[in-house]
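K.L.:
Input file: structure_32.pdb. Contents: PDB, C-alpha atoms.
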ATOM      1  CA  MET E 127    -157.645  88.237 -71.214
ATOM      2  CA  THR E 128    -160.331  90.807 -72.017
ATOM      3  CA  GLU E 129    -163.032  88.719 -70.323
ATOM      4  CA  TYR E 130    -161.355  89.384 -66.972
ATOM      5  CA  LEU E 131    -161.207  93.169 -67.366
ATOM      6  CA  PRO E 132    -164.772  93.773 -66.055
ATOM      7  CA  LEU E 133    -163.800  91.806 -62.933
ATOM      8  CA  ILE E 134    -160.709  93.971 -62.474
ATOM      9  CA  PHE E 135    -162.817  97.116 -62.952
ATOM     10  CA  ALA E 136    -165.343  95.944 -60.337
ATOM     11  CA  ALA E 137    -162.495  95.102 -57.937
ATOM     12  CA  THR E 138    -160.992  98.566 -58.488
ATOM     13  CA  LEU E 139    -164.294 100.196 -57.527
ATOM     14  CA  LYS E 140    -164.525  97.923 -54.480
ATOM     15  CA  THR E 141    -160.989  98.913 -53.433
ATOM     16  CA  LEU E 142    -161.787 102.618 -53.795
ATOM     17  CA  GLU E 143    -165.058 102.199 -51.905
ATOM     18  CA  LEU E 144    -163.234 100.362 -49.125
ATOM     19  CA  ALA E 145    -160.489 102.999 -48.923
ATOM     20  CA  VAL E 146    -162.851 105.994 -48.902
ATOM     21  CA  CYS E 147    -165.235 104.452 -46.338
ATOM     22  CA  SER E 148    -162.267 103.528 -44.114
ATOM     23  CA  LEU E 149    -160.871 107.060 -44.476
ATOM     24  CA  LEU E 150    -164.134 108.717 -43.429
ATOM     25  CA  PHE E 151    -164.662 106.318 -40.538
ATOM     26  CA  GLY E 152    -161.006 106.673 -39.533
ATOM     27  CA  LEU E 153    -161.138 110.480 -39.543
ATOM     28  CA  PHE E 154    -164.243 110.401 -37.360
ATOM     29  CA  LEU E 155    -162.556 107.966 -34.959
ATOM     30  CA  SER E 156    -159.322 109.953 -34.915
ATOM     31  CA  LEU E 157    -161.189 113.071 -33.750
ATOM     32  CA  ILE E 158    -162.724 111.038 -30.925
ATOM     33  CA  PHE E 159    -159.279 109.619 -30.057
ATOM     34  CA  VAL E 160    -157.792 113.123 -29.936
ATOM     35  CA  ILE E 161    -160.581 114.450 -27.716
ATOM     36  CA  LEU E 162    -160.236 111.505 -25.312
ATOM     37  CA  GLU E 163    -156.438 111.681 -25.320
ATOM     38  CA  THR E 164    -156.374 115.406 -24.544
ATOM     39  CA  THR E 165    -159.128 115.426 -21.936
ATOM     40  CA  ARG E 166    -158.358 116.669 -18.432
ATOM     41  CA  TRP E 167    -159.591 113.390 -16.922
ATOM     42  CA  LYS E 168    -156.408 111.418 -16.344
ATOM     43  CA  ILE E 169    -158.004 107.977 -16.324
ATOM     44  CA  VAL E 170    -159.580 108.599 -19.760
ATOM     45  CA  ASN E 171    -156.423 110.247 -21.057
ATOM     46  CA  ASN E 172    -154.122 107.434 -19.948
ATOM     47  CA  SER E 173    -156.521 104.703 -21.141
ATOM     48  CA  MET E 174    -156.751 106.235 -24.609
ATOM     49  CA  THR E 175    -152.982 106.646 -24.817
ATOM     50  CA  PHE E 176    -152.549 102.970 -23.904
ATOM     51  CA  ILE E 177    -155.114 101.840 -26.509
ATOM     52  CA  ASN E 178    -153.489 103.988 -29.183
ATOM     53  CA  THR E 179    -150.045 102.634 -28.375
ATOM     54  CA  LEU E 180    -151.399  99.087 -28.441
ATOM     55  CA  LEU E 181    -153.038  99.572 -31.844
ATOM     56  CA  ARG E 182    -149.876 101.036 -33.356
ATOM     57  CA  GLY E 183    -147.795  98.234 -31.868
ATOM     58  CA  LEU E 184    -149.837  95.344 -33.281
ATOM     59  CA  PRO E 185    -149.294  94.034 -36.830
ATOM     60  CA  GLU E 186    -152.023  95.469 -39.026
ATOM     61  CA  ILE E 187    -153.115  92.067 -40.330
ATOM     62  CA  LEU E 188    -153.601  90.968 -36.711
ATOM     63  CA  VAL E 189    -155.928  93.940 -36.114
ATOM     64  CA  VAL E 190    -157.945  92.893 -39.180
ATOM     65  CA  PHE E 191    -158.248  89.316 -37.877
ATOM     66  CA  LEU E 192    -159.138  90.465 -34.348
ATOM     67  CA  ILE E 193    -161.942  92.657 -35.679
ATOM     68  CA  TYR E 194    -163.216  90.045 -38.144
ATOM     69  CA  PHE E 195    -163.206  87.100 -35.752
ATOM     70  CA  GLY E 196    -163.354  88.811 -32.358
ATOM     71  CA  LEU E 197    -165.850  91.660 -32.735
ATOM     72  CA  PRO E 198    -168.894  89.396 -33.318
ATOM     73  CA  GLU E 199    -168.001  87.415 -30.177
ATOM     74  CA  ILE E 200    -167.596  90.584 -28.095
ATOM     75  CA  ILE E 201    -170.947  91.949 -29.287
ATOM     76  CA  ALA E 202    -172.596  88.583 -28.593
ATOM     77  CA  GLN E 203    -171.141  88.497 -25.066
ATOM     78  CA  PHE E 204    -172.495  91.951 -24.188
ATOM     79  CA  THR E 205    -175.809  91.900 -26.057
ATOM     80  CA  GLY E 206    -176.635  88.223 -26.414
ATOM     81  CA  CYS E 207    -177.179  88.803 -30.140
ATOM     82  CA  PHE E 208    -174.990  87.451 -32.917
ATOM     83  CA  VAL E 209    -174.241  90.004 -35.633
ATOM     84  CA  ASP E 210    -173.772  88.840 -39.195
ATOM     85  CA  TRP E 211    -172.098  91.770 -40.907
ATOM     86  CA  SER E 212    -170.355  91.497 -44.234
ATOM     87  CA  ALA E 213    -166.601  91.043 -44.568
ATOM     88  CA  PHE E 214    -166.548  94.496 -46.208
ATOM     89  CA  THR E 215    -168.005  96.080 -43.046
ATOM     90  CA  TYR E 216    -165.429  94.390 -40.830
ATOM     91  CA  GLY E 217    -162.720  95.511 -43.242
ATOM     92  CA  VAL E 218    -163.867  99.131 -43.029
ATOM     93  CA  ILE E 219    -163.948  98.968 -39.222
ATOM     94  CA  ALA E 220    -160.477  97.398 -39.008
ATOM     95  CA  LEU E 221    -158.825  99.725 -41.510
ATOM     96  CA  GLY E 222    -160.603 102.730 -39.976
ATOM     97  CA  ILE E 223    -159.258 101.857 -36.528
ATOM     98  CA  ILE E 224    -155.740 101.359 -37.907
ATOM     99  CA  PHE E 225    -155.910 104.689 -39.738
ATOM    100  CA  ALA E 226    -157.303 106.488 -36.672
ATOM    101  CA  SER E 227    -154.515 105.246 -34.404
ATOM    102  CA  TYR E 228    -151.967 107.067 -36.583
ATOM    103  CA  ALA E 229    -154.077 109.993 -37.805
ATOM    104  CA  SER E 230    -155.009 110.945 -34.231
ATOM    105  CA  GLN E 231    -151.351 111.637 -33.502
ATOM    106  CA  THR E 232    -151.093 113.800 -36.613
ATOM    107  CA  LEU E 233    -154.194 115.754 -35.594
ATOM    108  CA  ARG E 234    -152.939 116.063 -32.035
ATOM    109  CA  GLY E 235    -149.679 117.563 -33.295
ATOM    110  CA  ALA E 236    -151.597 119.922 -35.579
ATOM    111  CA  ILE E 237    -153.728 121.117 -32.667
ATOM    112  CA  LYS E 238    -150.615 121.793 -30.590
ATOM    113  CA  ALA E 239    -149.178 123.802 -33.509
ATOM    114  CA  ILE E 240    -152.009 126.339 -33.160
ATOM    115  CA  ALA E 241    -151.181 129.204 -30.806
ATOM    116  CA  ILE E 242    -152.561 128.839 -27.268
ATOM    117  CA  GLY E 243    -153.706 132.443 -27.538
ATOM    118  CA  GLN E 244    -156.574 131.364 -29.779
ATOM    119  CA  TRP E 245    -157.948 129.144 -27.003
ATOM    120  CA  GLU E 246    -157.508 132.036 -24.559
ATOM    121  CA  SER E 247    -159.264 134.455 -26.914
ATOM    122  CA  GLY E 248    -162.217 132.105 -27.169
ATOM    123  CA  ALA E 249    -162.397 131.861 -23.387
ATOM    124  CA  ALA E 250    -162.139 135.655 -23.054
ATOM    125  CA  LEU E 251    -165.114 136.013 -25.388
ATOM    126  CA  GLY E 252    -167.124 133.674 -23.179
ATOM    127  CA  LEU E 253    -167.114 130.818 -25.687
ATOM    128  CA  LYS E 254    -167.323 127.252 -24.474
ATOM    129  CA  ARG E 255    -164.179 125.176 -24.968
ATOM    130  CA  SER E 256    -166.062 122.747 -27.236
ATOM    131  CA  TYR E 257    -167.348 125.635 -29.399
ATOM    132  CA  THR E 258    -163.847 127.116 -29.631
ATOM    133  CA  PHE E 259    -162.464 123.742 -30.725
ATOM    134  CA  LEU E 260    -165.127 123.054 -33.357
ATOM    135  CA  HIS E 261    -165.430 126.537 -34.878
ATOM    136  CA  ILE E 262    -162.015 128.153 -34.377
ATOM    137  CA  ILE E 263    -159.347 125.507 -33.831
ATOM    138  CA  LEU E 264    -160.560 122.588 -35.961
ATOM    139  CA  PRO E 265    -160.826 124.525 -39.274
ATOM    140  CA  GLN E 266    -157.145 125.442 -38.894
ATOM    141  CA  VAL E 267    -156.088 121.926 -37.933
ATOM    142  CA  TRP E 268    -156.572 120.506 -41.431
ATOM    143  CA  HIS E 269    -153.957 122.833 -42.908
ATOM    144  CA  HIS E 270    -151.311 121.668 -40.438
ATOM    145  CA  ALA E 271    -152.386 118.013 -40.568
ATOM    146  CA  LEU E 272    -152.750 117.626 -44.340
ATOM    147  CA  PRO E 273    -149.156 116.517 -45.133
ATOM    148  CA  GLY E 274    -149.259 113.790 -42.474
ATOM    149  CA  LEU E 275    -152.784 112.701 -43.391
ATOM    150  CA  THR E 276    -151.711 112.505 -47.031
ATOM    151  CA  ASN E 277    -149.085 109.884 -46.239
ATOM    152  CA  GLN E 278    -151.530 107.974 -44.045
ATOM    153  CA  TRP E 279    -154.131 107.964 -46.838
ATOM    154  CA  LEU E 280    -151.592 106.452 -49.238
ATOM    155  CA  VAL E 281    -150.712 103.812 -46.644
ATOM    156  CA  LEU E 282    -154.418 103.125 -46.104
ATOM    157  CA  LEU E 283    -154.927 102.716 -49.839
ATOM    158  CA  LYS E 284    -152.288  99.982 -49.946
ATOM    159  CA  ASP E 285    -153.519  98.442 -46.695
ATOM    160  CA  THR E 286    -156.824  97.637 -48.395
ATOM    161  CA  ALA E 287    -155.011  94.562 -49.745
ATOM    162  CA  LEU E 288    -155.081  93.150 -46.195
ATOM    163  CA  VAL E 289    -158.837  92.584 -46.318
ATOM    164  CA  SER E 290    -158.404  90.166 -49.213
ATOM    165  CA  LEU E 291    -157.509  87.689 -46.447
ATOM    166  CA  ILE E 292    -161.051  87.922 -45.053
ATOM    167  CA  SER E 293    -162.608  87.303 -48.489
ATOM    168  CA  VAL E 294    -163.296  90.870 -49.591
ATOM    169  CA  VAL E 295    -162.902  90.845 -53.379
ATOM    170  CA  ASP E 296    -160.639  93.854 -53.774
ATOM    171  CA  LEU E 297    -157.900  94.196 -56.382
ATOM    172  CA  SER E 298    -155.517  91.809 -54.636
ATOM    173  CA  ARG E 299    -158.152  89.138 -54.092
ATOM    174  CA  GLN E 300    -159.433  89.426 -57.654
ATOM    175  CA  ALA E 301    -155.922  89.122 -59.053
ATOM    176  CA  GLN E 302    -155.422  86.009 -56.932
ATOM    177  CA  LEU E 303    -158.666  84.480 -58.229
ATOM    178  CA  ILE E 304    -157.836  85.276 -61.855
ATOM    179  CA  THR E 305    -154.315  83.913 -61.431
ATOM    180  CA  THR E 306    -155.765  80.625 -60.206
ATOM    181  CA  SER E 307    -157.650  80.329 -63.508
ATOM    182  CA  THR E 308    -155.047  81.701 -65.935
ATOM    183  CA  HIS E 309    -151.767  80.701 -64.247
ATOM    184  CA  GLN E 310    -150.335  84.097 -65.188
ATOM    185  CA  PRO E 311    -149.468  85.668 -61.821
ATOM    186  CA  PHE E 312    -146.879  88.122 -63.137
ATOM    187  CA  THR E 313    -149.287  89.578 -65.703
ATOM    188  CA  TRP E 314    -152.211  90.130 -63.357
ATOM    189  CA  TYR E 315    -150.238  91.309 -60.341
ATOM    190  CA  SER E 316    -148.441  93.758 -62.633
ATOM    191  CA  ILE E 317    -151.799  95.062 -63.845
ATOM    192  CA  ILE E 318    -153.098  95.693 -60.318
ATOM    193  CA  GLY E 319    -149.742  97.275 -59.454
ATOM    194  CA  ILE E 320    -150.256  99.763 -62.290
ATOM    195  CA  ILE E 321    -153.821 100.418 -61.109
ATOM    196  CA  TYR E 322    -152.597 101.150 -57.562
ATOM    197  CA  LEU E 323    -149.964 103.492 -59.014
ATOM    198  CA  VAL E 324    -152.563 105.385 -61.080
ATOM    199  CA  ILE E 325    -154.848 105.734 -58.036
ATOM    200  CA  THR E 326    -151.898 107.011 -55.989
ATOM    201  CA  LEU E 327    -150.957 109.616 -58.618
ATOM    202  CA  LEU E 328    -154.574 110.798 -58.882
ATOM    203  CA  SER E 329    -154.775 110.984 -55.079
ATOM    204  CA  GLN E 330    -151.660 113.151 -54.943
ATOM    205  CA  TRP E 331    -153.147 115.496 -57.571
ATOM    206  CA  VAL E 332    -156.365 115.856 -55.560
ATOM    207  CA  ILE E 333    -154.391 116.421 -52.353
ATOM    208  CA  ARG E 334    -152.338 119.188 -53.985
ATOM    209  CA  LYS E 335    -155.616 120.896 -54.905
ATOM    210  CA  LEU E 336    -156.812 120.569 -51.317
ATOM    211  CA  GLU E 337    -153.535 121.939 -49.987
ATOM    212  CA  TYR E 338    -153.853 124.934 -52.290
ATOM    213  CA  TYR E 339    -157.421 125.468 -51.054
ATOM    214  CA  PHE E 340    -156.442 125.383 -47.377
ATOM    215  CA  THR E 341    -153.437 127.695 -47.853
ATOM    216  CA  ARG E 342    -154.886 130.143 -50.401
ATOM    217  CA  PHE E 343    -155.301 132.935 -47.845
ATOM    218  CA  GLU E 344    -151.703 132.573 -46.677
ATOM    219  CA  LYS E 345    -150.382 132.824 -50.231
ATOM    220  CA  TYR E 346    -152.632 135.692 -51.224
ATOM    221  CA  PRO E 347    -153.283 137.787 -48.111
ATOM    222  CA  VAL E 348    -155.945 140.446 -48.314
TER     223      VAL E 348
END
Would you mind writing the file's structure down as structure tokens?

P.N.:
Amino acid sequence: MTEYLPLIFAATLKTLELAVCSLLFGLFLSLIFVILETTRWKIVNNSMTFINTLLRGLPEILVVFLIYFGLPEIIAQFTGCFVDWSAFTYGVIALGIIFASYASQTLRGAIKAIAIGQWESGAALGLKRSYTFLHIILPQVWHHALPGLTNQWLVLLKDTALVSLISVVDLSRQAQLITTSTHQPFTWYSIIGIIYLVITLLSQWVIRKLEYYFTRFEKYPV
């Protein structure tokens, strides 16, 4: 049994790497989604709303397959070049898009929770709308969005198991490979279940620290 532990450790690191990369890419995409969905140009606004609704309506495994099998064909059609990215890269793109489709709605709600007077104050001071958003509104958004983003991070962490179907050797895939050799599925799937639980508990501890950081001025006003 001990000879498989280094493989499980490597798969744990791969899962964490996949989750963190997908989170960062997803947060970046979600900001773009929010900007496009709240723009004053109706055609862009409506198109982004439709795309977001479509992404949330599709099964997540289908999104993974569409990105893995379809994205190279789309790029080849437009550029004439065939891209040969790794399964890990496609997994990050797919999970990032899935995360962004939900996180963008959380961020959009957080932006609406901020008083309209702050936008008006920025305009009264002669600030550009983009500057007001980046330097006044956005820093406050994270406080309002953190509870929703927390849940979406935990979902994303478990969704990393989906990319095992495109040959990324994460925890789920490694457990499957080890089970094929040892014929002990209950043992190994229980082990990765415990690992996921530990990662989740550590994530919640880190998130509580972040929540304290973002709300410290509200709890201890000057």

K.L.:
Within 10 Å of Ala213 (chain E), counting all atoms listed in the file, which residues qualify if same-chain residues fewer than 5 places away don't, as an MDAnalysis selection string?

P.N.:
chainID E and resid 194 218:219 289:295

K.L.:
Take CA of Glu246 (chain E) and CA of Leu260 (chain E) and report the distance between them in Å, one decimal.

P.N.:
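These atoms are spaced 14.7 Å apart.
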
K.L.:
Find the distance between CA of Thr141 (chain E) and CA of Asp296 (chain E) and write it in Å to one decimal.

P.N.:
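The value is 5.1 Å.
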
K.L.:
For Leu288 (chain E), which of E:Ile237, E:Trp331, E:Ile134, E:Phe191 is the closest residue, counting all atoms listed in the file?

P.N.:
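Smallest separation from Leu288 (chain E) among the options: E:Phe191.
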
K.L.:
Report, in Å with one decimal, the straight-line distance from CA of Leu157 (chain E) to CA of Ser212 (chain E).

P.N.:
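Between CA of Leu157 (chain E) and CA of Ser212 (chain E) the gap works out to 25.7 Å.
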